[in-house]
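Enquirer: The structure's right below; bear with me while I get my questions together.
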Amino acid sequence: MNQNLLGPEPTLLPDRAEPQTALAEGTDPVDVATRWPDFSEAWAALAERALAAGDPIAAYAYARTGYHRGLDQLRRSGWKGFGPIPWSHRPNQGFLRALAALAKAAHTIGDTEEYTRCSTFLADSDPTAPSELGLR
């Protein structure tokens, strides 16, 4: 019996080439989220844009949507609520970006409990993700 004694295998979300390409080619994230409402990366992009514009409440809402849509996809991919979600796997990045944006928005509005929960979840998912996403 081959068993991973170090913990669960990393969860790798499926590739979403069409919406990913649309964002990479400059399609507005609003249009991407409208066409593919379950695509976390579009919600993460909207949250990041709202943070940059100084609108943490909108960022919080966008990020929470991307986070929850990503949780749904992680569960469908076999994730049991814990274990690695590697940043290096491109399809995972939308979920991780939404999680980081949620942490940043929570911090900005003074929701310390949510900031701590999201920051910890991000670091537990992939220890490199917080630095990749500018989260301390």
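We label chains A, B, ... in the order they appear in the structure tokens, count residues from 1 in each chain, and number ligands from 1 in the order shown.
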I want to know what sits within 10 Å of Ser88 (chain A), based on only C-alpha atoms, with residues of the same chain fewer than 3 positions away left out; could you give that as a ChimeraX atom specification?
Expert: /A:12,85,91-93,126,128-129
Enquirer: Once you have the residues from the selection above, write them out as an mmCIF file, in the first residue's frame, restricted to N, CA and C atoms.
Expert:
data_model
loop_
_atom_site.group_PDB
_atom_site.id
_atom_site.type_symbol
_atom_site.label_atom_id
_atom_site.label_comp_id
_atom_site.auth_asym_id
_atom_site.auth_seq_id
_atom_site.Cartn_x
_atom_site.Cartn_y
_atom_site.Cartn_z
ATOM 1 N N LEU A 12 -5.245 20.147 -6.856
ATOM 2 C CA LEU A 12 -4.960 20.867 -8.098
ATOM 3 C C LEU A 12 -6.270 21.099 -8.830
ATOM 4 N N ILE A 85 -2.675 23.562 -1.231
ATOM 5 C CA ILE A 85 -3.279 24.126 -2.441
ATOM 6 C C ILE A 85 -2.161 24.945 -3.076
ATOM 7 N N PRO A 91 -4.000 27.053 -12.117
ATOM 8 C CA PRO A 91 -5.441 27.139 -11.845
ATOM 9 C C PRO A 91 -5.796 27.406 -10.379
ATOM 10 N N ASN A 92 -4.893 27.146 -9.443
ATOM 11 C CA ASN A 92 -5.151 27.429 -8.026
ATOM 12 C C ASN A 92 -5.003 28.910 -7.694
ATOM 13 N N GLN A 93 -4.348 29.659 -8.541
ATOM 14 C CA GLN A 93 -3.993 31.033 -8.198
ATOM 15 C C GLN A 93 -5.192 31.959 -8.028
ATOM 16 N N ASP A 126 -0.303 27.186 1.077
ATOM 17 C CA ASP A 126 1.019 27.187 0.447
ATOM 18 C C ASP A 126 1.865 28.238 1.154
ATOM 19 N N THR A 128 4.442 29.685 0.415
ATOM 20 C CA THR A 128 4.990 30.735 -0.451
ATOM 21 C C THR A 128 3.934 31.748 -0.884
ATOM 22 N N ALA A 129 2.663 31.407 -0.749
ATOM 23 C CA ALA A 129 1.593 32.260 -1.271
ATOM 24 C C ALA A 129 1.540 33.640 -0.604
#
Enquirer: Considering only C-alpha atoms, return as a PyMOL selection string whatever protein or nucleic-acid residues lie within 10 Å of Gly134 (chain A), sequence-local ones (same chain, fewer than 6 positions apart) excluded.
Expert: chain A and resi 100-101+104
Enquirer: For the selection you just gave me, I'd like the residues written to a file as a compact mmCIF listing (two decimals), in the first residue's frame, keeping C-alpha atoms.
Expert:
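See selection-v7.txt below for the written result:
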# COMPACT_ATOMS: atom_id res chain seq x y z
CA ALA A 100 -5.41 37.07 -0.02
CA ALA A 101 -7.67 39.91 -1.18
CA LYS A 104 -6.35 42.47 2.90
Enquirer: Pick out the closest residue to Ala123 (chain A) from this set: A:Ile109, A:Leu96, A:Leu102, A:Ala47. Count only C-alpha atoms.
Expert: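 Going through A:Ile109, A:Leu96, A:Leu102, A:Ala47 one by one, the smallest distance to Ala123 (chain A) is for A:Leu96.
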Enquirer: Arg64 (chain A): which residues within 8 Å, counting only C-alpha atoms, same-chain residues fewer than 3 positions away excluded, as an MDAnalysis selection string?
Expert: chainID A and resid 60:61 67:68 98:99 102
Enquirer: Could you pull out the alpha helix (DSSP H) residues of chain A from DSSP and send them as JSON, numbers by chain?
Expert: {"A": [17, 18, 19, 20, 21, 22, 23, 24, 29, 30, 31, 32, 33, 34, 35, 40, 41, 42, 43, 44, 45, 46, 47, 48, 49, 50, 51, 52, 56, 57, 58, 59, 60, 61, 62, 63, 64, 65, 66, 67, 68, 69, 70, 71, 72, 73, 74, 75, 76, 93, 94, 95, 96, 97, 98, 99, 100, 101, 102, 103, 104, 105, 106, 107, 108, 109, 112, 113, 114, 115, 116, 117, 118, 119, 120, 121, 122, 123, 124, 125, 129, 130, 131, 132]}
Enquirer: The selected residues should be written to file as a CSV table (one decimal), in the first residue's frame (atoms: C-alpha atoms).
Expert:
chain,number,residue,atom,x,y,z
A,17,ALA,CA,-8.2,28.1,-20.3
A,18,GLU,CA,-11.1,30.1,-21.8
A,19,PRO,CA,-11.7,32.5,-18.9
A,20,GLN,CA,-8.0,32.6,-18.0
A,21,THR,CA,-7.2,33.6,-21.5
A,22,ALA,CA,-9.9,36.2,-21.6
A,23,LEU,CA,-8.4,37.9,-18.5
A,24,ALA,CA,-4.9,37.6,-19.8
A,29,PRO,CA,-13.1,41.1,-15.0
A,30,VAL,CA,-16.7,42.2,-14.8
A,31,ASP,CA,-17.3,40.7,-18.2
A,32,VAL,CA,-15.4,37.5,-17.3
A,33,ALA,CA,-17.3,37.1,-14.0
A,34,THR,CA,-20.5,37.7,-15.9
A,35,ARG,CA,-19.7,35.0,-18.4
A,40,SER,CA,-12.5,32.8,-8.8
A,41,GLU,CA,-9.7,34.6,-10.7
A,42,ALA,CA,-12.2,37.1,-12.1
A,43,TRP,CA,-13.6,37.8,-8.6
A,44,ALA,CA,-10.0,38.1,-7.3
A,45,ALA,CA,-9.2,40.6,-10.0
A,46,LEU,CA,-12.3,42.7,-9.1
A,47,ALA,CA,-11.3,42.6,-5.5
A,48,GLU,CA,-7.8,43.7,-6.2
A,49,ARG,CA,-9.0,46.5,-8.4
A,50,ALA,CA,-11.4,47.6,-5.6
A,51,LEU,CA,-8.6,47.6,-3.1
A,52,ALA,CA,-6.4,49.6,-5.4
A,56,PRO,CA,-12.4,47.9,0.8
A,57,ILE,CA,-16.1,47.0,1.2
A,58,ALA,CA,-16.5,46.2,-2.5
A,59,ALA,CA,-13.2,44.4,-2.3
A,60,TYR,CA,-14.4,42.3,0.6
A,61,ALA,CA,-17.6,41.3,-1.2
A,62,TYR,CA,-15.8,40.5,-4.5
A,63,ALA,CA,-13.1,38.5,-2.6
A,64,ARG,CA,-15.6,36.6,-0.6
A,65,THR,CA,-17.5,35.6,-3.7
A,66,GLY,CA,-14.2,34.4,-5.3
A,67,TYR,CA,-13.2,32.6,-2.2
A,68,HIS,CA,-16.6,30.7,-1.9
A,69,ARG,CA,-16.7,29.8,-5.6
A,70,GLY,CA,-13.1,28.5,-5.2
A,71,LEU,CA,-14.0,26.4,-2.1
A,72,ASP,CA,-16.8,24.8,-4.2
A,73,GLN,CA,-14.3,23.9,-6.9
A,74,LEU,CA,-11.7,22.6,-4.4
A,75,ARG,CA,-14.3,20.3,-2.8
A,76,ARG,CA,-15.2,19.0,-6.2
A,93,GLN,CA,-4.0,31.0,-8.2
A,94,GLY,CA,-7.4,32.6,-8.6
A,95,PHE,CA,-8.7,31.0,-5.4
A,96,LEU,CA,-5.5,32.0,-3.5
A,97,ARG,CA,-5.6,35.5,-4.9
A,98,ALA,CA,-9.3,35.8,-3.7
A,99,LEU,CA,-8.3,34.5,-0.3
A,100,ALA,CA,-5.4,37.1,0.0
A,101,ALA,CA,-7.7,39.9,-1.2
A,102,LEU,CA,-10.2,38.9,1.4
A,103,ALA,CA,-7.5,39.0,4.1
A,104,LYS,CA,-6.4,42.5,2.9
A,105,ALA,CA,-9.9,43.9,2.8
A,106,ALA,CA,-10.7,42.5,6.2
A,107,HIS,CA,-7.5,44.1,7.6
A,108,THR,CA,-8.4,47.4,6.0
A,109,ILE,CA,-11.9,47.5,7.6
A,112,THR,CA,-9.0,41.2,12.7
A,113,GLU,CA,-10.6,37.8,13.2
A,114,GLU,CA,-11.3,37.4,9.4
A,115,TYR,CA,-7.8,38.8,8.6
A,116,THR,CA,-6.2,36.2,10.9
A,117,ARG,CA,-8.3,33.3,9.6
A,118,CYS,CA,-7.7,34.1,5.9
A,119,SER,CA,-3.9,34.8,6.4
A,120,THR,CA,-3.5,31.5,8.3
A,121,PHE,CA,-5.5,29.6,5.6
A,122,LEU,CA,-3.4,31.2,2.9
A,123,ALA,CA,-0.1,30.2,4.6
A,124,ASP,CA,-1.4,26.7,5.4
A,125,SER,CA,-2.4,26.3,1.7
A,129,ALA,CA,1.6,32.3,-1.3
A,130,PRO,CA,1.6,35.1,1.3
A,131,SER,CA,4.8,36.6,0.0
A,132,GLU,CA,3.7,36.0,-3.6
Enquirer: Restricting the calculation to only C-alpha atoms, which member of A:Arg90, A:Leu133, A:Asp38, A:Asp111 is positioned closest to Leu13 (chain A)?
Expert: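 That would be A:Arg90, the residue with the smallest distance to Leu13 (chain A).
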Enquirer: Could you state the separation of CA of Asp28 (chain A) and CA of Arg16 (chain A) in Å, given to one decimal place?
Expert: 16.7 Å
Enquirer: Work out how far apart CA of Leu135 (chain A) and CA of Trp79 (chain A) are and give it in Å to one decimal.
Expert: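 Those two atoms sit 23.7 Å apart.
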Enquirer: Can you tell me which residues surround Pro8 (chain A) at a distance of at most 10 Å, considering only C-alpha atoms, apart from same-chain residues fewer than 6 positions away, and format the answer as a ChimeraX atom specification?
Expert: /A:79-80,82-84
Enquirer: Report, in Å to a single decimal, how far apart CA of Phe39 (chain A) and CA of Thr27 (chain A) are.
Expert: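 It comes out at 13.6 Å.
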